[in-house]
Structure formats: C-alpha cells, structure tokens
>>> print(open('protein-v9.cif').read())   # mmCIF, C-alpha atoms and all ligand atoms
data_target
#
loop_
_atom_site.label_atom_id
_atom_site.label_comp_id
_atom_site.auth_asym_id
_atom_site.auth_seq_id
_atom_site.Cartn_x
_atom_site.Cartn_y
_atom_site.Cartn_z
CA MET A 303 113.09 83.60 -69.50
CA THR A 304 115.92 84.16 -67.04
CA GLU A 305 119.52 83.93 -68.11
CA MET A 306 119.94 80.75 -66.02
CA SER A 307 116.99 78.89 -67.59
CA GLU A 308 118.17 79.90 -71.07
CA THR A 309 121.55 78.33 -70.27
CA ILE A 310 119.88 75.17 -68.98
CA ASP A 311 117.61 74.93 -72.03
CA SER A 312 120.42 75.40 -74.52
CA SER A 313 122.57 72.76 -72.80
CA ARG A 314 119.57 70.39 -72.68
CA LEU A 315 118.98 70.84 -76.40
CA ASP A 316 122.68 70.42 -77.16
CA LYS A 317 122.73 67.16 -75.20
CA ALA A 318 119.51 65.90 -76.84
CA ARG A 319 121.01 66.64 -80.26
CA GLY A 320 124.28 65.05 -79.18
CA LEU A 321 122.46 61.85 -78.18
CA MET A 322 120.58 61.56 -81.49
CA PHE A 323 123.51 62.59 -83.72
CA GLY A 324 126.00 60.46 -81.76
CA LEU A 325 123.79 57.42 -82.30
CA ALA A 326 123.46 58.05 -86.04
CA LEU A 327 127.12 58.91 -86.46
CA GLY A 328 128.30 55.72 -84.75
CA ASP A 329 125.90 53.69 -86.87
CA CYS A 330 126.97 55.30 -90.17
CA LEU A 331 130.71 55.30 -89.49
CA GLY A 332 130.61 51.79 -88.01
CA ALA A 333 128.53 50.13 -90.72
CA PRO A 334 131.27 49.74 -93.39
CA PHE A 335 133.58 48.08 -90.84
CA GLU A 336 131.18 45.37 -89.65
CA ASP A 337 133.05 42.07 -89.11
CA ARG A 338 136.15 43.43 -90.90
CA THR A 339 139.53 42.44 -89.52
CA GLU A 340 142.65 44.59 -89.37
CA VAL A 341 140.96 47.99 -89.23
CA THR A 342 143.32 50.80 -88.23
CA HIS A 343 142.78 54.15 -86.54
CA ALA A 344 143.75 55.78 -89.87
CA ASP A 345 140.99 53.84 -91.69
CA VAL A 346 138.37 55.22 -89.32
CA VAL A 347 139.74 58.78 -89.53
CA ALA A 348 139.67 58.51 -93.34
CA ALA A 349 135.98 57.51 -93.14
CA GLU A 350 135.31 60.58 -90.96
CA ASN A 351 137.08 62.91 -93.39
CA ALA A 352 135.45 61.59 -96.56
CA THR A 353 132.88 63.81 -98.28
CA GLU A 354 130.04 61.55 -99.44
CA PRO A 355 126.73 61.44 -97.50
CA LEU A 356 126.68 59.05 -94.52
CA VAL A 357 124.00 56.37 -94.96
CA HIS A 358 122.53 54.85 -91.80
CA THR A 359 121.28 51.34 -91.07
CA ASP A 360 118.39 49.81 -89.07
CA ASP A 361 119.84 51.16 -85.79
CA THR A 362 119.18 54.81 -86.68
CA ALA A 363 116.05 54.04 -88.69
CA LEU A 364 114.36 52.46 -85.65
CA ALA A 365 115.76 55.00 -83.15
CA LEU A 366 114.07 57.70 -85.26
CA VAL A 367 110.80 55.73 -85.13
CA LEU A 368 111.00 55.46 -81.35
CA ALA A 369 111.89 59.16 -80.99
CA ARG A 370 108.95 60.20 -83.18
CA HIS A 371 106.62 57.82 -81.29
CA LEU A 372 107.61 59.25 -77.90
CA ALA A 373 107.31 62.85 -79.10
CA HIS A 374 103.87 62.16 -80.55
CA ARG A 375 102.56 60.41 -77.42
CA ILE A 376 103.74 63.28 -75.22
CA THR A 377 102.21 65.91 -77.52
CA GLU A 378 98.93 64.00 -77.34
CA GLY A 379 98.79 64.78 -73.62
CA ASN A 380 100.00 61.55 -72.01
CA THR A 381 101.67 62.54 -68.80
CA ARG A 382 102.89 59.28 -67.24
CA ALA A 383 106.02 57.61 -68.62
CA GLY A 384 104.10 54.32 -68.79
CA GLU A 385 101.82 55.93 -71.39
CA TYR A 386 104.59 57.27 -73.61
CA VAL A 387 104.86 53.89 -75.35
CA ASP A 388 101.80 52.37 -77.02
CA ALA A 389 103.19 48.89 -77.68
CA ASP A 390 100.73 47.89 -80.42
CA VAL A 391 101.27 51.12 -82.33
CA LEU A 392 105.06 51.06 -81.85
CA ALA A 393 105.33 47.45 -83.10
CA ARG A 394 103.39 48.45 -86.21
CA GLU A 395 105.54 51.56 -86.78
CA PHE A 396 108.76 49.52 -86.54
CA ALA A 397 107.37 46.94 -88.97
CA GLU A 398 106.19 49.61 -91.44
CA THR A 399 109.62 51.25 -91.38
CA TRP A 400 111.26 47.88 -92.10
CA GLU A 401 108.78 47.26 -94.95
CA ALA A 402 109.47 50.65 -96.52
CA GLU A 403 113.28 50.09 -96.50
CA PRO A 404 114.06 46.43 -95.83
CA TRP A 405 117.60 46.93 -97.22
CA ARG A 406 118.89 48.79 -94.14
CA GLY A 407 120.59 45.72 -92.67
CA TYR A 408 117.97 44.30 -90.29
CA GLY A 409 118.60 41.13 -88.25
CA GLY A 410 117.20 37.85 -89.57
CA GLY A 411 114.81 37.30 -86.66
CA VAL A 412 113.20 40.74 -86.69
CA THR A 413 112.87 40.57 -90.45
CA ARG A 414 110.70 37.48 -90.06
CA SER A 415 108.64 38.91 -87.22
CA PHE A 416 108.10 42.25 -89.02
CA ARG A 417 106.83 40.31 -92.03
CA LEU A 418 104.37 38.44 -89.78
CA ILE A 419 103.23 41.67 -88.12
CA MET A 420 102.60 43.27 -91.52
CA SER A 421 100.46 40.30 -92.51
CA GLY A 422 98.29 40.72 -89.41
CA THR A 423 99.88 38.50 -86.73
CA PRO A 424 99.78 40.24 -83.30
CA TRP A 425 103.35 41.23 -82.29
CA ARG A 426 103.37 39.05 -79.16
CA GLU A 427 102.81 35.98 -81.32
CA ALA A 428 105.02 37.13 -84.19
CA ILE A 429 108.13 37.54 -82.04
CA ARG A 430 107.72 34.16 -80.31
CA ALA A 431 107.11 32.46 -83.67
CA VAL A 432 110.70 33.23 -84.59
CA PHE A 433 112.57 32.67 -81.30
CA PRO A 434 110.32 30.87 -78.76
CA GLU A 435 112.32 32.34 -75.84
CA GLY A 436 112.39 35.76 -77.51
CA SER A 437 115.35 37.25 -79.42
CA PHE A 438 118.47 37.99 -77.38
CA GLY A 439 119.72 40.31 -80.15
CA ASN A 440 120.82 43.91 -79.49
CA GLY A 441 117.96 45.43 -81.53
CA GLY A 442 116.10 46.69 -78.45
CA ALA A 443 119.25 48.35 -77.06
CA MET A 444 120.54 49.86 -80.32
CA ARG A 445 117.46 52.10 -80.74
CA VAL A 446 116.56 52.83 -77.09
CA ALA A 447 118.63 55.96 -76.28
CA PRO A 448 115.85 58.50 -77.13
CA ALA A 449 113.85 57.04 -74.19
CA ALA A 450 116.43 58.65 -71.87
CA LEU A 451 115.35 62.08 -73.14
CA VAL A 452 111.82 61.69 -71.81
CA GLY A 453 112.13 59.49 -68.71
CA GLY A 454 112.30 61.80 -65.68
CA ASP A 455 114.22 59.41 -63.43
CA VAL A 456 115.87 55.99 -63.49
CA ARG A 457 112.60 54.18 -62.73
CA GLU A 458 110.82 55.81 -65.67
CA VAL A 459 113.74 55.22 -68.02
CA VAL A 460 113.77 51.52 -67.08
CA GLU A 461 110.05 51.24 -67.76
CA LEU A 462 110.32 52.99 -71.13
CA ALA A 463 113.32 50.88 -72.13
CA ARG A 464 111.51 47.64 -71.38
CA ARG A 465 108.26 48.70 -73.04
CA SER A 466 110.00 49.88 -76.21
CA ALA A 467 112.23 46.80 -76.46
CA GLU A 468 109.71 44.07 -75.72
CA VAL A 469 107.68 44.62 -78.89
CA THR A 470 110.50 42.88 -80.79
CA HIS A 471 112.77 41.39 -78.10
CA ALA A 472 111.23 39.23 -75.37
CA HIS A 473 114.41 37.54 -74.08
CA ALA A 474 115.44 38.74 -70.60
CA ASP A 475 118.98 39.60 -71.74
CA ALA A 476 117.72 41.71 -74.65
CA LEU A 477 115.60 43.65 -72.13
CA HIS A 478 118.55 43.98 -69.72
CA GLY A 479 120.61 45.31 -72.63
CA ALA A 480 117.99 47.95 -73.44
CA VAL A 481 117.74 48.93 -69.76
CA CYS A 482 121.54 49.18 -69.44
CA GLN A 483 121.89 51.38 -72.52
CA ALA A 484 118.91 53.63 -71.67
CA VAL A 485 119.95 54.19 -68.05
CA ALA A 486 123.55 54.81 -69.13
CA ALA A 487 122.22 57.46 -71.56
CA HIS A 488 120.15 58.98 -68.73
CA LEU A 489 123.29 59.22 -66.55
CA ALA A 490 125.35 60.64 -69.42
CA LEU A 491 122.73 63.36 -69.99
CA ARG A 492 123.01 64.35 -66.34
CA LEU A 493 126.79 64.45 -66.27
CA SER A 494 128.31 67.87 -66.99
CA PRO A 495 130.18 67.98 -70.33
CA THR A 496 133.17 69.39 -68.47
CA ASP A 497 133.41 66.40 -66.08
CA SER A 498 134.69 63.09 -67.36
CA ALA A 499 132.81 59.94 -66.37
CA ARG A 500 134.52 57.79 -63.75
CA ALA A 501 133.85 54.16 -64.64
CA ARG A 502 133.49 52.79 -61.11
CA GLU A 503 131.00 55.47 -60.02
CA PHE A 504 129.17 55.55 -63.33
CA VAL A 505 128.24 51.85 -63.29
CA GLU A 506 126.87 51.86 -59.69
CA PRO A 507 123.30 52.88 -60.65
CA LEU A 508 123.44 50.37 -63.53
CA ARG A 509 124.19 47.58 -61.08
CA GLU A 510 120.92 48.38 -59.29
CA VAL A 511 118.81 47.96 -62.44
CA LEU A 512 120.66 44.87 -63.71
CA PRO A 513 120.21 42.32 -60.95
CA THR A 514 121.66 39.23 -62.66
CA PRO A 515 125.11 37.60 -62.25
CA LEU A 516 125.85 37.86 -66.00
CA TRP A 517 125.24 41.61 -66.19
CA ARG A 518 126.94 42.36 -62.87
CA GLU A 519 130.00 40.46 -64.01
CA LYS A 520 130.01 42.41 -67.28
CA LEU A 521 129.85 45.69 -65.36
CA ASP A 522 132.79 44.60 -63.18
CA LEU A 523 134.76 43.80 -66.33
CA VAL A 524 133.86 47.16 -67.88
CA VAL A 525 135.32 48.95 -64.84
CA GLU A 526 138.42 46.76 -64.78
CA LEU A 527 139.11 47.26 -68.50
CA CYS A 528 138.69 51.03 -68.22
CA GLU A 529 140.97 51.28 -65.22
CA ARG A 530 143.60 49.20 -67.02
CA GLU A 531 143.18 51.33 -70.18
CA ALA A 532 142.62 48.22 -72.28
CA GLU A 533 142.91 48.42 -76.06
CA PRO A 534 139.74 47.96 -78.16
CA GLY A 535 140.65 44.44 -79.35
CA HIS A 536 141.23 43.26 -75.80
CA ALA A 537 137.97 44.85 -74.57
CA ALA A 538 136.13 42.99 -77.35
CA GLU A 539 137.77 39.68 -76.39
CA VAL A 540 136.72 40.07 -72.79
CA LEU A 541 133.24 41.61 -73.24
CA GLY A 542 132.17 40.30 -76.67
CA ASN A 543 131.38 42.26 -79.85
CA ASP A 544 128.55 40.29 -81.44
CA VAL A 545 124.85 40.91 -82.20
CA SER A 546 123.62 39.65 -78.82
CA ALA A 547 122.64 42.31 -76.27
CA SER A 548 124.92 40.94 -73.56
CA GLY A 549 127.75 40.64 -76.10
CA SER A 550 127.60 44.26 -77.29
CA VAL A 551 126.01 46.69 -74.80
CA PRO A 552 128.89 46.31 -72.25
CA LEU A 553 131.45 46.99 -75.00
CA ALA A 554 129.59 50.18 -75.99
CA LEU A 555 129.58 51.30 -72.35
CA SER A 556 133.25 50.50 -72.07
CA SER A 557 134.04 52.55 -75.23
CA PHE A 558 132.23 55.53 -73.72
CA LEU A 559 133.83 55.29 -70.28
CA ARG A 560 137.30 54.81 -71.72
CA HIS A 561 137.21 58.11 -73.66
CA SER A 562 134.40 60.15 -72.08
CA GLY A 563 134.62 63.80 -73.07
CA ARG A 564 136.06 62.91 -76.49
CA PRO A 565 133.06 61.67 -78.52
CA GLU A 566 134.98 61.02 -81.72
CA GLU A 567 137.50 58.85 -79.83
CA VAL A 568 134.59 56.96 -78.23
CA ILE A 569 133.22 56.05 -81.66
CA ARG A 570 136.66 55.15 -83.00
CA PHE A 571 137.29 52.82 -80.05
CA ALA A 572 133.93 51.08 -80.64
CA ILE A 573 134.73 50.58 -84.34
CA LEU A 574 138.28 49.36 -83.70
CA ALA A 575 136.83 46.74 -81.33
CA GLY A 576 135.36 45.05 -84.43
CA GLY A 577 132.37 42.72 -84.80
CA ASP A 578 128.95 44.43 -84.74
CA THR A 579 130.58 47.82 -85.30
CA ASP A 580 127.54 49.82 -86.46
CA THR A 581 125.59 48.90 -83.35
CA VAL A 582 128.36 49.12 -80.76
CA ALA A 583 129.43 52.49 -82.21
CA ALA A 584 125.79 53.69 -82.35
CA MET A 585 125.25 52.87 -78.68
CA ALA A 586 128.63 54.30 -77.63
CA GLY A 587 128.03 57.38 -79.81
CA ALA A 588 124.63 58.01 -78.19
CA LEU A 589 126.26 57.97 -74.72
CA ALA A 590 129.14 60.19 -75.83
CA GLY A 591 126.79 62.69 -77.50
CA ALA A 592 124.45 62.71 -74.48
CA HIS A 593 127.45 63.58 -72.31
CA SER A 594 129.42 66.01 -74.49
CA GLY A 595 126.61 67.48 -76.63
CA TYR A 596 126.18 68.03 -80.35
CA THR A 597 128.66 70.90 -80.50
CA ALA A 598 131.47 68.51 -79.50
CA PHE A 599 131.22 66.71 -82.88
CA SER A 600 132.98 68.00 -85.97
CA PRO A 601 130.48 70.00 -88.10
CA HIS A 602 131.95 68.37 -91.22
CA VAL A 603 131.03 64.84 -90.17
CA VAL A 604 127.57 65.51 -88.67
CA GLY A 605 126.72 67.60 -91.73
CA ARG A 606 127.13 64.49 -93.90
CA LEU A 607 124.45 62.47 -92.08
CA GLU A 608 121.63 61.46 -94.39
CA ALA A 609 119.00 62.01 -91.69
CA ALA A 610 120.47 65.26 -90.26
CA GLU A 611 117.25 67.24 -90.57
CA ARG A 612 115.09 64.53 -88.98
CA LEU A 613 117.62 64.09 -86.18
CA HIS A 614 117.46 67.82 -85.41
CA ARG A 615 113.66 67.78 -85.41
CA CYS A 616 113.45 64.76 -83.09
CA ALA A 617 116.01 66.21 -80.67
CA GLU A 618 114.13 69.52 -80.55
CA ARG A 619 110.79 67.82 -79.86
CA LEU A 620 112.20 65.53 -77.16
CA ALA A 621 114.40 68.12 -75.44
O1 LIG B 1 118.31 42.16 -82.48
P1 LIG B 1 118.08 42.47 -83.91
O2 LIG B 1 117.22 43.63 -84.24
O3 LIG B 1 119.48 42.64 -84.62
C1 LIG B 1 120.19 43.81 -84.49
C2 LIG B 1 121.45 43.65 -85.27
C3 LIG B 1 122.28 44.89 -85.20
O4 LIG B 1 123.63 44.53 -85.33
C4 LIG B 1 121.82 45.67 -86.39
O5 LIG B 1 122.82 46.56 -86.84
C5 LIG B 1 121.53 44.61 -87.43
O6 LIG B 1 122.63 44.25 -88.18
O7 LIG B 1 121.12 43.48 -86.65
O8 LIG B 1 117.59 41.24 -84.72
P2 LIG B 1 117.32 39.73 -84.32
O9 LIG B 1 117.14 39.05 -85.61
O10 LIG B 1 116.24 39.66 -83.31
O11 LIG B 1 118.66 39.24 -83.61
C6 LIG B 1 119.90 39.32 -84.29
C7 LIG B 1 120.51 37.94 -84.41
O12 LIG B 1 120.79 37.40 -83.11
C8 LIG B 1 119.60 36.90 -85.05
O13 LIG B 1 119.59 37.02 -86.44
C9 LIG B 1 120.24 35.61 -84.55
O14 LIG B 1 121.40 35.33 -85.29
C10 LIG B 1 120.67 35.98 -83.15
N1 LIG B 1 119.65 35.55 -82.15
C11 LIG B 1 119.39 34.29 -81.82
N2 LIG B 1 119.91 33.13 -82.25
C12 LIG B 1 119.45 31.99 -81.70
N3 LIG B 1 118.50 31.97 -80.73
C13 LIG B 1 118.84 36.33 -81.44
N4 LIG B 1 118.06 35.61 -80.61
C14 LIG B 1 118.38 34.33 -80.82
C15 LIG B 1 117.91 33.09 -80.24
O15 LIG B 1 117.04 33.02 -79.36
MG MG B 2 122.53 48.11 -88.25
MG MG B 3 124.73 46.07 -86.15
#
>>> encode(input="protein-v9.cif", output="structure tokens")
Amino acid sequence: MTEMSETIDSSRLDKARGLMFGLALGDCLGAPFEDRTEVTHADVVAAENATEPLVHTDDTALALVLARHLAHRITEGNTRAGEYVDADVLAREFAETWEAEPWRGYGGGVTRSFRLIMSGTPWREAIRAVFPEGSFGNGGAMRVAPAALVGGDVREVVELARRSAEVTHAHADALHGAVCQAVAAHLALRLSPTDSARAREFVEPLREVLPTPLWREKLDLVVELCEREAEPGHAAEVLGNDVSASGSVPLALSSFLRHSGRPEEVIRFAILAGGDTDTVAAMAGALAGAHSGYTAFSPHVVGRLEAAERLHRCAERLA
C-alpha cells in the first residue's frame, strides 16, 4: 500500500467511525433532555463529563441494524446500491430488534407496525394499518446515516435512503427527511475535516434532491439562521423540534452547519434546541462525526457508549 492510500484509508475509517459514534453520542446525550425546558449549556457539559455508561435509544439501535444489514448484503456479493437493501429482510430485522428491547423509546406508530410484522403481516400492509398515508415521523431519518458510507454518489445515497426508510415510513415527508439526512452525511464525509462547512454552498446539492416547496423553504431558513448565528431556541422556533421528519431534520442540519468542525458544540446546540433532543442530536452528531472524524470526540465520552464495540465493528465493515 502506498503512503497516500494509507492516509486515505485511515481518514475514511476515522470518518466512518465518526459518523457512527456521532450518531450514538447525540442519541445518548440527548435522550435525558427530551422535551425538558430550561436546559443550560452547563447541564449538557455535566452530562458529557459524568462517568456512568451511556445508554442509547431506538435511534442507535436501528442505525446499528441498518449498518449490519448493509455490511452483510455487500459481503454477500451484491454490487449495485439498489441491492444493498433487501426490504423484506430489513423490515423483519427492525421488528426483531424492537421485539428484543421494546423499552428503547420507540414511537407509537412503529411499535404497532412492528407488532403486526412480528405476527406475520407483510410490512407494506402493517405500516399503512397504522397511518393510512404512512408515518411522517423522523424514524427513517434518525437511523439512515450509515447508508452514506456505502452509496458511491448522491444518486445511490438517495436510493438507499428511500429504500431503507420506506419499510416503516411511507409518507413523502418522512422519505424526504431520510434523503436529506443521508445526502447531508454523504457531503459531510466528503468535506475535509480542516474545512468548515459553508451553509449556503452545503445545502445546494440538498435542494436538488428535495424538490418540494416545504423542504426548499426549510433549507432557505437553515441558511438564513446559520448566517445570522441564531441561538438554538430561536432555530427550534423557526424550524421545529418535534418527532416529524420535516420538523427535526432541518434543525439537525442547522446544528451541524452552525458549528461545523466542533462536533461536541454541534451536539450541544441540538440538545439546547429542545424537543426531540435524542433524535435531533443523533442526526446532527452523525453529520458532525462524518465531517470531523472519530478522533475529534473526547475519548472519555465515546468510551462510555454502551454499544462502543459494535459501533467500531460496523464502521470498520462499512468503511
Ligand atoms: O418515526 P418514528 O420511528 O419515531 C421516531 C421518534 C424519535 O424521536 C425516536 O427517538 C423515538 O422517540 O420516536 O415512529 P412513528 O410512530 O412512526 O412516528 C412518531 C410519531 O409521529 C407518532 O407516534 C405520531 O405521534 C406522529 N405521527 C403521526 N401522527 C398523525 N398522523 C407520525 N405519522 C403520523 C400521521 O400520519
Ligand atoms: Mg430515540
Ligand atoms: Mg427521539
């Protein structure tokens, strides 16, 4: 191996680890603050400096399932991105993971559809039985970032995002949310850790894959808030901070763009914005880690993650 390819490989692995660990870290640090009011910067720093293990929620649990699924499909010799997701198998794997640990904080809709899937209902029927138009929740987006590690270009990442999300989330906005988060992760992986992301330029490719007025308006607001250096509470008021995809993915993007290059600040911003803090911080953390790499996080805090070993294994397989 030449010196150059060794450098490329080690930075690729560091970014893959960063993406997986950033997602888990945002989820774990954000979870205790969900829907809490009056959280301060000092509260979040105290949570980072504590010593007990960091327990994750459904966001990380399902991201690990997707990562393992993608790694397995690639190892089996599938070579086209369209084949990296076997929808029937993936729906079953998500449902089995919920059944094994239903206490990880799953949404009400997916809980009901996972129960139906486990009792034999095909996933396409199960998810429409709960929300006839499909769920608009952020569950497809919260777990999608690993898809950015295997999609070779924007087109492939979009396809993987949609295919992985639609087994639980059929609503167009849930799919747009997954596409937005996955393509943002793809762009963050390609951005040098030493360059900071410029909001206006960064969102341009996202505009192309999100051709609806709602999402384009959200992207405009993300840029405007970043350029005005808005505070987390204000960003949440403008963009939303709830469990819907359109009310959380833009806030995660905004957290990343506001503090790119400083992954811990990205996660803190997402948590201080309140609302669905585990999920917004998980999505923001995945982007920050994909950009800055694993080595940018404090060893103390990543060492406390419950799933640290599995996260390392998944990152190594997908890198
Ligand atoms: O999207 P989903 O997996 O939830 C993810 C969230 C994250 O915050 C996780 O951390 C976890 O806490 O849950 O689960 P869904 O149940 O599909 O959607 C989440 C919620 O969005 C639902 O429980 C509903 O409250 C709401 N929702 C809808 N409400 C009315 N009509 C989603 N779709 C609809 C709808 O069509
Ligand atoms: Mg959660
Ligand atoms: Mg959540």
>>> residues_around(input="protein-v9.cif", residues="Ala467 of chain A", least_positions_apart="5", cutoff="9 Å", atoms="only C-alpha atoms", output="MDAnalysis selection string")
chainID A and resid 441:443 445:446 462 472 476:477 480:481
>>> closest_atom_pairs(input="protein-v9.cif", of="chain A", to="ligand MG 2 (chain B)", cutoff="7 Å", atoms="only C-alpha atoms and all ligand atoms", output="CSV")
residue,atom,partner,partner_atom,distance
A:Asp329,CA,B:MG2,MG,6.7
A:Ala333,CA,B:MG2,MG,6.8
A:Thr359,CA,B:MG2,MG,4.5
A:Asp360,CA,B:MG2,MG,4.5
A:Asp361,CA,B:MG2,MG,4.8
A:Arg406,CA,B:MG2,MG,7.0
A:Gly407,CA,B:MG2,MG,5.4
A:Tyr408,CA,B:MG2,MG,6.3
A:Asp580,CA,B:MG2,MG,5.6
A:Thr581,CA,B:MG2,MG,5.8
>>> axis_aligned_box(input="protein-v9.cif", around="ligand LIG 1 (chain B)", padding_each_side="3 Å", output="AutoDock Vina command-line options")
--center_x 119.9 --center_y 39.3 --center_z -83.8 --size_x 13.4 --size_y 20.6 --size_z 14.8
>>> atom_distance(input="protein-v9.cif", atom1="atom CA of Gly328 of chain A", atom2="atom CA of Val604 of chain A")
10.6 Å
>>> residues_around(input="protein-v9.cif", residues="Glu566 of chain A", least_positions_apart="2", cutoff="10 Å", atoms="only C-alpha atoms", output="PyMOL selection string")
chain A and resi 324+327-328+347+350+561-564+568-571+587+590-591+598-600
>>> write_last_selection(input="protein-v9.cif", atoms="C-alpha atoms", output="PDB file, in the frame of the given file")
ATOM      1  CA  GLY A 324     126.000  60.460 -81.760  1.00  0.00           C
ATOM      2  CA  LEU A 327     127.120  58.910 -86.460  1.00  0.00           C
ATOM      3  CA  GLY A 328     128.300  55.720 -84.750  1.00  0.00           C
ATOM      4  CA  VAL A 347     139.740  58.780 -89.530  1.00  0.00           C
ATOM      5  CA  GLU A 350     135.310  60.580 -90.960  1.00  0.00           C
ATOM      6  CA  HIS A 561     137.210  58.110 -73.660  1.00  0.00           C
ATOM      7  CA  SER A 562     134.400  60.150 -72.080  1.00  0.00           C
ATOM      8  CA  GLY A 563     134.620  63.800 -73.070  1.00  0.00           C
ATOM      9  CA  ARG A 564     136.060  62.910 -76.490  1.00  0.00           C
ATOM     10  CA  VAL A 568     134.590  56.960 -78.230  1.00  0.00           C
ATOM     11  CA  ILE A 569     133.220  56.050 -81.660  1.00  0.00           C
ATOM     12  CA  ARG A 570     136.660  55.150 -83.000  1.00  0.00           C
ATOM     13  CA  PHE A 571     137.290  52.820 -80.050  1.00  0.00           C
ATOM     14  CA  GLY A 587     128.030  57.380 -79.810  1.00  0.00           C
ATOM     15  CA  ALA A 590     129.140  60.190 -75.830  1.00  0.00           C
ATOM     16  CA  GLY A 591     126.790  62.690 -77.500  1.00  0.00           C
ATOM     17  CA  ALA A 598     131.470  68.510 -79.500  1.00  0.00           C
ATOM     18  CA  PHE A 599     131.220  66.710 -82.880  1.00  0.00           C
ATOM     19  CA  SER A 600     132.980  68.000 -85.970  1.00  0.00           C
TER      20      SER A 600
END
>>> closest_residue(input="protein-v9.cif", among="A:Leu527, A:Ala584, A:Ala428, A:Ala348", to="ligand MG 3 (chain B)", atoms="only C-alpha atoms and all ligand atoms")
A:Ala584
>>> residues_around(input="protein-v9.cif", residues="Pro513 of chain A", least_positions_apart="5", cutoff="10 Å", atoms="all atoms listed in the file", output="list of chain:residue names")
A:His478, A:Leu508, A:Arg518
>>> residues_around(input="protein-v9.cif", residues="Leu451 of chain A", least_positions_apart="3", cutoff="7 Å", atoms="all atoms listed in the file", output="PyMOL selection string")
chain A and resi 318+448+620-621
>>> atom_distance(input="protein-v9.cif", atom1="atom CA of Glu336 of chain A", atom2="atom MG of ligand MG 3 (chain B)")
7.4 Å
>>> atom_distance(input="protein-v9.cif", atom1="atom C10 of ligand LIG 1 (chain B)", atom2="atom CA of Val357 of chain A")
23.8 Å
>>> residues_around(input="protein-v9.cif", residues="Gly576 of chain A", least_positions_apart="5", cutoff="10 Å", atoms="only C-alpha atoms", output="list in words")
Gly332, Phe335, Glu336, Asp337, Arg338, Thr339, Glu340, Val341, Pro534, Gly535, Ala538, Glu539, Gly542, Asn543, Asp544, Phe571, Val582 and Ala583 of chain A
>>> closest_residue(input="protein-v9.cif", among="A:Pro507, A:Leu489, A:Tyr596, A:His358", to="ligand MG 3 (chain B)", atoms="only C-alpha atoms and all ligand atoms")
A:His358
>>> closest_atom_pairs(input="protein-v9.cif", of="segment 411-456 of chain A", to="segment 378-381 of chain A", cutoff="12 Å", atoms="all atoms listed in the file", output="JSON lines")
{"residue": "A:Val452", "atom": "CA", "partner": "A:Thr381", "partner_atom": "CA", "distance": 10.6}
{"residue": "A:Gly453", "atom": "CA", "partner": "A:Thr381", "partner_atom": "CA", "distance": 10.9}
{"residue": "A:Gly454", "atom": "CA", "partner": "A:Thr381", "partner_atom": "CA", "distance": 11.1}
>>> write_last_selection(input="protein-v9.cif", atoms="C-alpha atoms", output="PDB file, in the frame of the given file")
ATOM      1  CA  VAL A 452     111.820  61.690 -71.810  1.00  0.00           C
ATOM      2  CA  GLY A 453     112.130  59.490 -68.710  1.00  0.00           C
ATOM      3  CA  GLY A 454     112.300  61.800 -65.680  1.00  0.00           C
TER       4      GLY A 454
END
>>> closest_residue(input="protein-v9.cif", among="A:Ile573, A:Ser494, A:Asp390, A:Gly605", to="ligand MG 3 (chain B)", atoms="all atoms listed in the file")
A:Ile573
>>> build_atoms(input="protein-v9.cif", residues="segment 313-318 of chain A", atoms="all heavy atoms", output="PDB file, in the frame of the given file")
ATOM      1  N   SER A 313     121.708  73.929 -73.033  1.00  0.00           N
ATOM      2  CA  SER A 313     122.570  72.760 -72.800  1.00  0.00           C
ATOM      3  C   SER A 313     121.741  71.485 -72.936  1.00  0.00           C
ATOM      4  O   SER A 313     122.200  70.480 -73.451  1.00  0.00           O
ATOM      5  CB  SER A 313     123.260  72.873 -71.443  1.00  0.00           C
ATOM      6  OG  SER A 313     122.806  71.897 -70.554  1.00  0.00           O
ATOM      7  N   ARG A 314     120.463  71.543 -72.534  1.00  0.00           N
ATOM      8  CA  ARG A 314     119.570  70.390 -72.680  1.00  0.00           C
ATOM      9  C   ARG A 314     119.379  70.033 -74.162  1.00  0.00           C
ATOM     10  O   ARG A 314     119.450  68.879 -74.548  1.00  0.00           O
ATOM     11  CB  ARG A 314     118.221  70.778 -72.055  1.00  0.00           C
ATOM     12  CG  ARG A 314     117.341  69.642 -71.691  1.00  0.00           C
ATOM     13  CD  ARG A 314     116.052  70.174 -71.054  1.00  0.00           C
ATOM     14  NE  ARG A 314     114.991  69.210 -71.267  1.00  0.00           N
ATOM     15  CZ  ARG A 314     114.829  68.128 -70.520  1.00  0.00           C
ATOM     16  NH1 ARG A 314     115.625  67.897 -69.513  1.00  0.00           N
ATOM     17  NH2 ARG A 314     113.866  67.273 -70.789  1.00  0.00           N
ATOM     18  N   LEU A 315     119.167  71.063 -74.965  1.00  0.00           N
ATOM     19  CA  LEU A 315     118.980  70.840 -76.400  1.00  0.00           C
ATOM     20  C   LEU A 315     120.276  70.316 -77.030  1.00  0.00           C
ATOM     21  O   LEU A 315     120.251  69.403 -77.853  1.00  0.00           O
ATOM     22  CB  LEU A 315     118.525  72.137 -77.072  1.00  0.00           C
ATOM     23  CG  LEU A 315     118.297  72.068 -78.575  1.00  0.00           C
ATOM     24  CD1 LEU A 315     117.241  71.002 -78.914  1.00  0.00           C
ATOM     25  CD2 LEU A 315     117.853  73.422 -79.122  1.00  0.00           C
ATOM     26  N   ASP A 316     121.406  70.869 -76.611  1.00  0.00           N
ATOM     27  CA  ASP A 316     122.680  70.420 -77.160  1.00  0.00           C
ATOM     28  C   ASP A 316     122.917  68.947 -76.818  1.00  0.00           C
ATOM     29  O   ASP A 316     123.385  68.164 -77.650  1.00  0.00           O
ATOM     30  CB  ASP A 316     123.817  71.296 -76.613  1.00  0.00           C
ATOM     31  CG  ASP A 316     125.133  71.034 -77.333  1.00  0.00           C
ATOM     32  OD1 ASP A 316     125.121  70.948 -78.584  1.00  0.00           O
ATOM     33  OD2 ASP A 316     126.174  70.892 -76.655  1.00  0.00           O
ATOM     34  N   LYS A 317     122.555  68.557 -75.606  1.00  0.00           N
ATOM     35  CA  LYS A 317     122.730  67.160 -75.200  1.00  0.00           C
ATOM     36  C   LYS A 317     121.742  66.240 -75.924  1.00  0.00           C
ATOM     37  O   LYS A 317     122.104  65.128 -76.322  1.00  0.00           O
ATOM     38  CB  LYS A 317     122.593  67.031 -73.678  1.00  0.00           C
ATOM     39  CG  LYS A 317     123.875  67.434 -72.933  1.00  0.00           C
ATOM     40  CD  LYS A 317     123.655  67.451 -71.441  1.00  0.00           C
ATOM     41  CE  LYS A 317     124.955  67.248 -70.669  1.00  0.00           C
ATOM     42  NZ  LYS A 317     125.371  65.852 -70.531  1.00  0.00           N
ATOM     43  N   ALA A 318     120.499  66.709 -76.110  1.00  0.00           N
ATOM     44  CA  ALA A 318     119.510  65.900 -76.840  1.00  0.00           C
ATOM     45  C   ALA A 318     119.980  65.687 -78.283  1.00  0.00           C
ATOM     46  O   ALA A 318     119.931  64.579 -78.827  1.00  0.00           O
ATOM     47  CB  ALA A 318     118.144  66.585 -76.822  1.00  0.00           C
TER      48      ALA A 318
END
